[in-house]
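Raw contents of entry-v1.txt, compact mmCIF, C-alpha atoms:
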# COMPACT_ATOMS: atom_id res chain seq x y z
CA MET A 608 -13.15 -0.67 -21.12
CA ILE A 609 -15.08 0.77 -18.18
CA THR A 610 -18.68 1.78 -18.81
CA TYR A 611 -20.66 4.07 -16.51
CA TYR A 612 -24.40 3.44 -16.63
CA GLY A 613 -26.57 5.97 -14.83
CA TYR A 614 -26.68 9.68 -14.33
CA THR A 615 -26.23 12.67 -12.08
CA ASP A 616 -29.19 14.93 -11.44
CA GLY A 617 -30.53 17.14 -8.65
CA SER A 618 -30.89 14.14 -6.33
CA GLY A 619 -27.28 13.09 -6.72
CA ALA A 620 -25.24 10.58 -8.67
CA PHE A 621 -26.00 6.93 -9.32
CA TYR A 622 -23.90 4.73 -11.59
CA VAL A 623 -23.45 1.04 -12.20
CA VAL A 624 -19.88 0.66 -13.40
CA ILE A 625 -18.95 -2.36 -15.52
CA ASN A 626 -15.38 -3.18 -16.43
CA SER A 627 -15.57 -5.18 -19.66
CA ASP A 628 -11.85 -6.05 -19.52
CA LYS A 629 -12.55 -7.99 -16.31
CA CYS A 630 -15.96 -9.43 -17.28
CA ASN A 631 -15.71 -13.06 -18.36
CA GLY A 632 -19.33 -13.34 -19.51
CA CYS A 633 -20.22 -15.96 -16.86
CA ARG A 634 -23.79 -14.59 -16.47
CA ASN A 635 -23.84 -14.98 -12.65
CA CYS A 636 -24.93 -11.37 -12.20
CA ILE A 637 -27.66 -11.73 -14.82
CA LYS A 638 -29.15 -14.68 -12.94
CA GLN A 639 -28.87 -12.90 -9.58
CA CYS A 640 -30.39 -9.55 -10.51
CA PRO A 641 -33.90 -9.43 -8.94
CA LYS A 642 -35.05 -6.80 -11.44
CA ASN A 643 -33.63 -8.54 -14.50
CA LEU A 644 -31.75 -5.42 -15.63
CA LEU A 645 -28.70 -7.11 -17.12
CA GLN A 646 -27.98 -8.85 -20.39
CA ILE A 647 -25.03 -9.95 -22.48
CA ALA A 648 -24.13 -7.41 -25.17
CA SER A 649 -21.21 -7.38 -27.55
CA ILE A 650 -18.67 -4.63 -27.01
CA PHE A 651 -16.12 -3.77 -29.66
CA ILE A 652 -12.67 -4.10 -28.15
CA ASP A 653 -9.43 -4.40 -30.10
CA LEU A 654 -11.25 -5.10 -33.39
CA ASP A 655 -13.27 -7.91 -31.88
CA ASP A 656 -16.77 -8.14 -30.47
CA LYS A 657 -16.52 -9.35 -26.92
CA PRO A 658 -19.70 -10.62 -25.21
CA VAL A 659 -19.87 -8.89 -21.85
CA VAL A 660 -22.58 -7.97 -19.38
CA ALA A 661 -24.40 -4.67 -19.88
CA ILE A 662 -27.45 -2.86 -18.56
CA LYS A 663 -30.43 -3.34 -20.87
CA PRO A 664 -30.81 -0.09 -22.84
CA GLU A 665 -34.43 0.38 -21.78
CA HIS A 666 -33.38 0.47 -18.11
CA CYS A 667 -30.44 2.87 -18.41
CA ASN A 668 -32.56 5.86 -17.44
CA ASN A 669 -34.12 4.44 -14.31
CA ILE A 670 -31.60 2.05 -12.79
CA LYS A 671 -31.26 4.27 -9.74
CA TYR A 672 -34.79 3.35 -8.69
CA LEU A 673 -34.70 -0.22 -9.91
CA CYS A 674 -31.40 -0.82 -8.11
CA ALA A 675 -32.53 0.83 -4.86
CA GLN A 676 -33.87 -2.35 -3.22
CA CYS A 677 -30.45 -4.02 -3.36
CA ASN A 678 -28.93 -1.22 -1.25
CA PRO A 679 -26.10 -0.30 -3.62
CA LYS A 680 -24.51 2.10 -1.11
CA GLN A 681 -22.93 -0.86 0.68
CA ASN A 682 -21.56 -2.24 -2.62
CA GLN A 683 -22.96 -5.61 -1.56
CA THR A 684 -25.64 -6.10 -4.19
CA PRO A 685 -26.23 -9.59 -5.66
CA CYS A 686 -24.61 -8.58 -8.96
CA ILE A 687 -21.48 -7.30 -7.23
CA THR A 688 -21.09 -10.19 -4.79
CA SER A 689 -21.79 -12.86 -7.42
CA CYS A 690 -19.13 -11.57 -9.80
CA PRO A 691 -16.03 -13.80 -9.71
CA THR A 692 -13.82 -11.17 -11.37
CA LYS A 693 -15.01 -8.03 -9.53
CA ALA A 694 -16.11 -6.48 -12.79
CA ILE A 695 -19.13 -4.61 -11.36
CA LYS A 696 -19.39 -1.82 -8.81
CA CYS A 697 -21.92 0.84 -7.87
CA ILE A 698 -21.49 4.54 -7.24
CA SER A 699 -24.28 6.00 -5.14
CA GLU A 700 -23.86 9.58 -3.97
CA PRO A 701 -27.15 11.20 -2.99
CA THR A 702 -27.04 14.99 -2.77
CA ASN A 703 -29.21 15.12 0.31
CA LYS A 704 -28.82 12.32 2.82
CA ASN A 705 -32.42 12.77 3.99
CA ASN A 706 -33.69 11.97 0.52
CA HIS A 707 -36.27 9.26 0.68
CA ASN A 708 -35.82 6.54 -1.88
CA ASN A 709 -38.57 5.68 -4.25
CA PRO A 710 -40.23 2.47 -3.13
CA MET B 166 -35.62 46.58 -26.69
CA SER B 167 -39.01 45.92 -28.15
CA GLU B 168 -37.87 42.98 -30.25
CA GLN B 169 -36.92 41.09 -27.15
CA GLN B 170 -40.30 41.57 -25.59
CA ASN B 171 -41.96 40.32 -28.72
CA ASN B 172 -39.85 37.23 -28.56
CA SER B 173 -40.59 36.53 -24.97
CA GLY B 174 -44.28 36.90 -25.63
CA ASN B 175 -44.01 34.42 -28.45
CA SER B 176 -42.06 31.75 -26.76
CA SER B 177 -44.52 28.93 -26.98
CA GLY B 178 -43.99 28.57 -30.74
CA GLY B 179 -42.07 25.59 -32.04
CA CYS B 180 -38.97 25.70 -34.20
CA VAL B 181 -40.75 25.23 -37.50
CA ASP B 182 -41.47 28.79 -38.55
CA GLY B 183 -38.33 30.68 -37.51
CA GLY B 184 -35.67 28.25 -38.62
CA PHE B 185 -32.99 29.98 -36.55
CA TRP B 186 -31.82 26.60 -35.35
CA ARG B 187 -31.01 25.48 -38.91
CA TRP B 188 -27.34 24.99 -39.48
CA GLN B 189 -25.71 24.73 -42.85
CA GLU B 190 -25.41 21.39 -44.63
CA TYR B 191 -22.15 21.12 -46.55
CA HIS B 192 -19.60 18.84 -48.18
CA ARG B 193 -15.89 19.07 -48.82
CA VAL B 194 -13.21 17.31 -50.85
CA LEU B 195 -9.55 17.62 -49.88
CA SER B 196 -8.39 18.60 -53.33
CA ASP B 197 -4.69 17.89 -52.75
CA LYS B 198 -5.52 14.20 -52.89
CA LEU B 199 -6.60 11.93 -55.69
CA TRP B 200 -7.81 8.37 -55.76
CA SER B 201 -7.26 5.52 -58.18
CA SER B 202 -8.95 2.17 -58.57
CA SER B 203 -6.08 0.40 -56.80
CA ASP B 204 -6.70 2.37 -53.60
CA VAL B 205 -8.65 1.03 -50.65
CA ILE B 206 -11.68 3.31 -50.36
CA THR B 207 -13.66 3.03 -47.13
CA ALA B 208 -16.45 5.06 -45.59
CA GLY B 209 -17.75 5.84 -42.14
CA ILE B 210 -21.33 7.00 -41.71
CA ASP B 211 -22.50 8.54 -38.45
CA VAL B 212 -26.28 8.89 -38.31
CA GLY B 213 -26.88 11.16 -35.35
CA SER B 214 -30.14 12.41 -33.90
CA VAL B 215 -29.67 15.86 -35.42
CA GLY B 216 -26.96 15.49 -38.08
CA SER B 217 -25.80 12.70 -40.39
CA LYS B 218 -22.15 12.66 -41.36
CA ALA B 219 -20.32 10.57 -43.98
CA VAL B 220 -16.54 10.49 -44.44
CA ILE B 221 -14.70 8.85 -47.35
CA LEU B 222 -11.15 7.66 -46.74
CA VAL B 223 -8.53 6.71 -49.30
CA ASN B 224 -6.01 4.22 -47.89
CA GLY B 225 -6.97 5.27 -44.37
CA GLU B 226 -6.58 9.03 -45.02
CA VAL B 227 -9.48 11.47 -45.09
CA TYR B 228 -10.52 12.36 -48.63
CA SER B 229 -13.99 13.91 -48.53
CA TRP B 230 -17.04 14.27 -46.33
CA GLY B 231 -20.62 15.47 -46.17
CA VAL B 232 -22.66 16.79 -43.26
CA ILE B 233 -26.45 16.95 -43.49
CA ARG B 234 -29.41 17.19 -41.14
CA THR B 235 -30.94 13.85 -40.21
CA GLY B 236 -34.45 13.69 -41.60
CA SER B 237 -37.34 11.68 -40.27
CA ASN B 238 -36.10 8.75 -42.33
CA SER B 239 -32.76 7.49 -40.98
CA PRO B 240 -31.94 5.05 -43.82
CA GLU B 241 -32.45 7.87 -46.33
CA SER B 242 -30.30 10.26 -44.28
CA ALA B 243 -27.43 7.75 -44.35
CA ILE B 244 -27.59 7.50 -48.15
CA LYS B 245 -27.94 11.25 -48.54
CA ALA B 246 -24.93 11.97 -46.33
CA LEU B 247 -22.89 9.53 -48.42
CA ASP B 248 -24.09 11.18 -51.64
CA TRP B 249 -22.92 14.54 -50.33
CA ALA B 250 -19.52 13.09 -49.48
CA PHE B 251 -19.30 11.69 -53.03
CA ARG B 252 -19.97 15.08 -54.66
CA GLY B 253 -17.12 16.20 -56.85
CA THR B 254 -15.10 13.02 -56.23
CA GLY B 255 -16.25 10.77 -59.08
CA LEU B 256 -16.71 7.99 -56.55
CA LYS B 257 -19.79 5.83 -56.20
CA GLN B 258 -21.08 3.34 -53.66
CA SER B 259 -19.65 0.33 -55.51
CA ASP B 260 -16.12 1.78 -55.10
CA LEU B 261 -16.35 1.35 -51.34
CA LYS B 262 -14.48 -1.67 -50.01
CA TYR B 263 -15.87 -1.47 -46.49
CA VAL B 264 -18.46 0.71 -44.75
CA VAL B 265 -18.93 1.14 -41.00
CA GLY B 266 -22.10 2.71 -39.61
CA THR B 267 -22.22 4.45 -36.26
CA GLY B 268 -24.36 6.84 -34.22
CA TYR B 269 -27.79 6.23 -32.75
CA GLY B 270 -29.17 5.45 -36.22
CA ARG B 271 -26.36 3.02 -37.11
CA VAL B 272 -28.71 0.08 -37.51
CA ASN B 273 -30.35 2.02 -40.34
CA VAL B 274 -27.22 2.10 -42.48
CA SER B 275 -28.38 -0.88 -44.50
CA PHE B 276 -25.33 -1.06 -46.76
CA ALA B 277 -22.80 -0.98 -43.90
CA ASN B 278 -20.54 -4.01 -43.45
CA LYS B 279 -20.55 -3.42 -39.71
CA ALA B 280 -22.14 -1.19 -37.07
CA LEU B 281 -20.04 0.17 -34.21
CA THR B 282 -20.91 2.32 -31.20
CA GLU B 283 -20.13 6.01 -31.60
CA ILE B 284 -18.02 5.84 -28.43
CA ALA B 285 -15.29 3.81 -30.13
CA CYS B 286 -15.55 5.89 -33.30
CA HIS B 287 -15.29 9.32 -31.64
CA ALA B 288 -12.18 8.32 -29.72
CA LYS B 289 -10.60 6.96 -32.91
CA GLY B 290 -11.55 10.04 -34.91
CA ALA B 291 -10.22 12.43 -32.25
CA ASN B 292 -6.99 10.45 -32.17
CA TYR B 293 -6.64 10.93 -35.95
CA ILE B 294 -7.42 14.67 -35.88
CA TRP B 295 -5.40 15.73 -32.83
CA GLY B 296 -2.91 12.91 -32.39
CA PRO B 297 -1.93 10.54 -29.55
CA GLN B 298 -1.88 13.23 -26.85
CA VAL B 299 -5.70 13.14 -26.74
CA HIS B 300 -6.82 11.21 -23.65
CA THR B 301 -10.23 12.71 -22.89
CA VAL B 302 -12.93 13.33 -25.48
CA LEU B 303 -16.16 15.18 -24.76
CA ASP B 304 -18.66 14.51 -27.51
CA VAL B 305 -21.61 16.84 -27.38
CA GLY B 306 -24.17 15.46 -29.76
CA GLY B 307 -27.67 16.49 -30.64
CA GLN B 308 -29.26 14.17 -28.15
CA ASP B 309 -26.67 13.09 -25.62
CA ILE B 310 -23.30 13.95 -24.13
CA LYS B 311 -20.51 11.43 -23.85
CA ALA B 312 -17.38 11.72 -21.78
CA ILE B 313 -14.78 9.31 -23.16
CA ARG B 314 -11.30 8.40 -21.93
CA CYS B 315 -8.90 6.79 -24.39
CA ASP B 316 -5.28 5.75 -24.71
CA ASP B 317 -2.59 6.92 -27.16
CA THR B 318 -4.01 4.77 -29.95
CA GLY B 319 -7.60 6.02 -29.60
CA ARG B 320 -8.77 2.85 -27.84
CA VAL B 321 -11.54 3.60 -25.34
CA THR B 322 -10.62 2.91 -21.71
CA SER B 323 -13.77 4.27 -20.04
CA PHE B 324 -16.86 6.21 -20.93
CA LEU B 325 -20.00 7.75 -19.54
CA MET B 326 -23.03 8.70 -21.53
CA ASN B 327 -25.74 11.06 -20.40
CA ASP B 328 -28.76 9.74 -22.20
CA LYS B 329 -31.36 10.72 -19.68
CA CYS B 330 -32.70 13.65 -21.66
CA ALA B 331 -31.76 16.43 -24.05
CA ALA B 332 -30.51 18.64 -21.20
CA GLY B 333 -27.34 20.40 -22.18
CA THR B 334 -27.13 18.98 -25.68
CA GLY B 335 -27.03 20.39 -29.17
CA ARG B 336 -30.78 20.05 -29.45
CA GLY B 337 -31.17 22.21 -26.33
CA MET B 338 -29.08 24.89 -28.02
CA GLU B 339 -31.27 24.72 -31.12
CA VAL B 340 -34.34 25.30 -28.96
CA PHE B 341 -32.65 28.37 -27.47
CA ALA B 342 -31.59 29.69 -30.87
CA ASP B 343 -35.18 29.54 -31.92
CA LEU B 344 -36.55 31.00 -28.72
CA LEU B 345 -34.20 33.98 -28.88
CA LYS B 346 -34.34 34.28 -32.69
CA ILE B 347 -30.59 34.03 -33.08
CA SER B 348 -28.84 31.93 -35.70
CA ILE B 349 -27.36 28.75 -34.21
CA GLU B 350 -23.96 29.69 -35.66
CA ASP B 351 -23.86 32.98 -33.70
CA ILE B 352 -25.07 31.67 -30.38
CA GLY B 353 -21.63 30.91 -28.92
CA GLU B 354 -20.12 34.32 -29.68
CA MET B 355 -23.21 36.03 -28.41
CA SER B 356 -23.20 34.17 -25.09
CA LEU B 357 -19.69 35.56 -24.46
CA ASN B 358 -20.84 39.10 -25.10
CA VAL B 359 -21.65 39.86 -21.45
CA SER B 360 -19.82 42.22 -19.10
CA GLU B 361 -20.15 39.78 -16.22
CA GLU B 362 -20.94 36.06 -16.16
CA PRO B 363 -24.48 35.60 -14.78
CA PRO B 364 -25.27 32.65 -12.48
CA PRO B 365 -26.14 29.50 -14.46
CA VAL B 366 -29.84 28.75 -14.92
CA SER B 367 -30.99 26.36 -12.22
CA CYS B 368 -32.31 23.71 -14.58
CA THR B 369 -30.77 22.42 -17.79
CA CYS B 370 -33.88 20.46 -18.75
CA VAL B 371 -34.79 21.90 -22.14
CA ALA B 372 -38.49 22.29 -21.39
CA PHE B 373 -37.97 23.95 -17.99
CA ALA B 374 -34.95 26.01 -19.05
CA LYS B 375 -37.05 27.51 -21.82
CA THR B 376 -39.66 28.60 -19.29
CA GLU B 377 -36.94 29.97 -17.04
CA ALA B 378 -35.37 31.86 -19.95
CA VAL B 379 -38.67 33.49 -20.82
CA GLY B 380 -38.99 34.61 -17.21
CA LEU B 381 -35.50 36.11 -17.30
CA LEU B 382 -36.22 37.95 -20.55
CA ARG B 383 -39.33 39.41 -18.99
CA LYS B 384 -37.26 40.54 -16.02
CA GLY B 385 -35.25 42.59 -18.50
CA TRP B 386 -32.22 40.33 -19.01
CA SER B 387 -30.60 40.75 -22.41
CA LYS B 388 -30.55 37.82 -24.82
CA GLU B 389 -26.80 37.65 -24.32
CA LYS B 390 -27.17 37.33 -20.57
CA VAL B 391 -29.84 34.62 -20.86
CA LEU B 392 -27.65 32.70 -23.30
CA ALA B 393 -24.64 33.07 -21.02
CA ALA B 394 -26.63 31.68 -18.09
CA TYR B 395 -27.86 28.70 -20.08
CA THR B 396 -24.52 28.00 -21.73
CA LYS B 397 -22.86 28.13 -18.32
CA ALA B 398 -25.34 25.59 -16.93
CA MET B 399 -24.62 23.26 -19.88
CA ALA B 400 -20.86 23.65 -19.42
CA VAL B 401 -21.13 22.78 -15.72
CA ARG B 402 -23.13 19.68 -16.58
CA MET B 403 -20.60 18.57 -19.19
CA SER B 404 -17.71 19.22 -16.82
CA ASN B 405 -19.35 17.03 -14.17
CA LEU B 406 -19.50 14.12 -16.62
CA ILE B 407 -15.81 14.59 -17.44
CA LYS B 408 -14.90 14.71 -13.74
CA ARG B 409 -16.76 11.43 -13.23
CA VAL B 410 -14.66 9.52 -15.78
CA GLY B 411 -11.61 11.53 -14.69
CA LEU B 412 -10.01 14.26 -16.75
CA GLU B 413 -6.71 13.26 -18.26
CA PRO B 414 -5.22 15.90 -20.59
CA ALA B 415 -5.28 16.56 -23.40
CA LEU B 416 -9.01 17.31 -23.64
CA VAL B 417 -10.85 17.79 -26.93
CA ILE B 418 -14.49 18.44 -27.76
CA THR B 419 -16.17 16.78 -30.74
CA GLY B 420 -19.71 16.89 -32.12
CA GLY B 421 -21.74 19.88 -33.19
CA GLN B 422 -21.22 21.87 -29.99
CA SER B 423 -17.45 21.87 -30.52
CA LYS B 424 -18.16 24.86 -32.78
CA ASN B 425 -19.88 26.74 -29.95
CA VAL B 426 -17.14 28.98 -28.49
CA GLY B 427 -19.43 29.84 -25.58
CA ILE B 428 -19.53 26.16 -24.55
CA VAL B 429 -15.86 25.44 -25.23
CA SER B 430 -14.52 28.43 -23.28
CA ARG B 431 -16.81 27.79 -20.31
CA VAL B 432 -15.92 24.10 -20.11
CA GLU B 433 -12.27 25.21 -20.12
CA THR B 434 -12.96 27.67 -17.30
CA VAL B 435 -14.88 25.17 -15.15
CA LEU B 436 -12.28 22.41 -15.57
CA GLY B 437 -9.27 24.71 -15.51
CA VAL B 438 -7.71 23.22 -18.65
CA LYS B 439 -7.53 24.30 -22.28
CA CYS B 440 -8.95 22.12 -25.04
CA LEU B 441 -6.52 21.32 -27.82
CA PRO B 442 -6.93 23.77 -30.70
CA MET B 443 -7.33 22.41 -34.22
CA PRO B 444 -3.89 21.43 -35.52
CA ASN B 445 -2.55 24.04 -37.95
CA TRP B 446 -2.15 21.72 -40.88
CA ARG B 447 -5.82 20.82 -40.65
CA LYS B 448 -7.23 24.16 -39.69
CA ASP B 449 -9.18 24.69 -42.87
CA GLY B 450 -9.68 20.99 -43.26
CA ILE B 451 -11.27 18.73 -40.73
CA ASP B 452 -14.36 19.65 -38.77
CA PRO B 453 -14.68 18.05 -35.29
CA THR B 454 -18.34 17.37 -36.06
CA ILE B 455 -17.23 14.51 -38.30
CA ALA B 456 -15.00 12.82 -35.69
CA GLY B 457 -17.45 9.92 -35.25
CA ALA B 458 -17.86 9.24 -38.96
CA LEU B 459 -14.10 9.63 -39.43
CA GLY B 460 -13.41 7.08 -36.70
CA ALA B 461 -15.92 4.72 -38.33
CA GLY B 462 -14.10 5.13 -41.65
CA LEU B 463 -10.75 4.40 -39.99
CA TYR B 464 -12.18 1.25 -38.40
CA ALA B 465 -13.60 0.34 -41.82
CA LYS B 466 -10.06 0.43 -43.24
CA THR B 467 -8.65 -1.63 -40.35
CA LEU B 468 -11.47 -4.18 -40.55
CA TYR B 469 -11.08 -4.43 -44.33
CA ASP B 470 -7.35 -5.11 -43.93
CA LYS B 471 -8.19 -7.73 -41.33
CA THR B 472 -10.55 -9.57 -43.70
CA LYS B 473 -7.83 -9.55 -46.38
CA ASN B 474 -5.33 -11.12 -44.01
CA THR B 475 -7.52 -13.94 -42.73
Mind turning the file's structure into structure tokens?
Amino acid sequence: MITYYGYTDGSGAFYVVINSDKCNGCRNCIKQCPKNLLQIASIFIDLDDKPVVAIKPEHCNNIKYLCAQCNPKQNQTPCITSCPTKAIKCISEPTNKNNHNNP
Amino acid sequence: MSEQQNNSGNSSGGCVDGGFWRWQEYHRVLSDKLWSSSDVITAGIDVGSVGSKAVILVNGEVYSWGVIRTGSNSPESAIKALDWAFRGTGLKQSDLKYVVGTGYGRVNVSFANKALTEIACHAKGANYIWGPQVHTVLDVGGQDIKAIRCDDTGRVTSFLMNDKCAAGTGRGMEVFADLLKISIEDIGEMSLNVSEEPPPVSCTCVAFAKTEAVGLLRKGWSKEKVLAAYTKAMAVRMSNLIKRVGLEPALVITGGQSKNVGIVSRVETVLGVKCLPMPNWRKDGIDPTIAGALGAGLYAKTLYDKTKNT
């Protein structure tokens, strides 16, 4: 199951996309995330609860700003590069390229 | 149109006095079915932000349901929804073999054997109502919008939830019903009653859209035109979520806003596809509002069978 965390608003689209079929629960990304946004959560797949990585619910509404320092546009963030199964990716599509990022 | 001016002058009021946003609580029993003590009775309870729904299933087939407004006390709302579903059935809580809770208040269903996310339950419920051709489900709830992709069996393959704010949700519609003094049930029809589709309002944020709507009313826009502009903005927002997960026909809409013809027809226009109509044999039966609770009840049956076999 693929989960899109994030949102689209006037400033564009930002999503962290986690593929729970690929995630093996190794926790590499959790250890690497400088903002500590990730955790293991159980996802109900095929009548079982599978422990996979997820964005902490309290951060779902502001990950765009919290993720900004890792430069997600290049898809080379610590969470993405540390994942052995390529289960994480980022979608970053600002509406206006001159938009300044929040510090 | 003096009434309109009065309304626009009064816009700061909350939704307490008017009550135009109030939708009807109800329950239903499919009378062509009966239950006996040898049957496996399961229940799904979906405690949403605005409505609580309970569905009773007999051997994995829908038997009865109740739909009520969620009160300030979620655990009580879960019990009340179940009581409504029990009405006229002779069933009681101890007859239930397995209960699954879902929705944002699922942790408050104290008597549930298991809590599941509403994502899984809506896909399962839509699969039951419309059949295996359903591959994209748009659930427009009171507080969030979910775009869900699923396979032929109702298993979720991907999903996106807009939980940033109430923009473009059922709650936003309730605010508009109250602002314009129109019953929530009539709002969809009314939004279609315009000679020409106005441009969508620029902001779907409930607080700002309300301010914008008041401005438009003062400019002399009819209620219908204001509603059309807001409904259009919501439909565009929903369509964008669907495009993000990828639209794979057939598309269906569940949740309270599935009853809003203004929303449904505009989503169809923006995406260029038709939503599946209610199947004939269930036309007077199942309400897409209960899809989440129904899916929970179906999972309850499957999980019960699983416990029996292990």
- request: Show which residues sit within 7 Å of Lys218 in chain B, as an MDAnalysis selection string. Count all atoms listed in the file, and ignore same-chain residues fewer than 6 positions away.
  value: chainID B and resid 210:212 231:233 246 455 458
query: Which residue gives the smallest distance to chain A among B:Val435, B:Ala312, B:Leu441, B:Ala393, with all atoms listed in the file counted?
result: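 Closest candidate: B:Ala312.
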- request: May I ask you to extract the residues of chain A within 10 Å of chain B, using all atoms listed in the file, and to give them as a ChimeraX atom specification?
  value: /A:608-617,620,622,624-628,650-656,667-669
Build an axis-aligned box that encloses every atom of range 274-292 of chain B listed in the file, pad it by 3 Å on each side, and report its centre and edge lengths in Å to one decimal, as lines of an AutoDock Vina configuration file.
center_x = -17.7
center_y = 4.2
center_z = -37.6
size_x = 27.4
size_y = 22.4
size_z = 24.3
query: What does the distance from CA of Ile294 in chain B to CA of Ser404 in chain B come to in Å, to one decimal?
result: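 The value is 22.1 Å.
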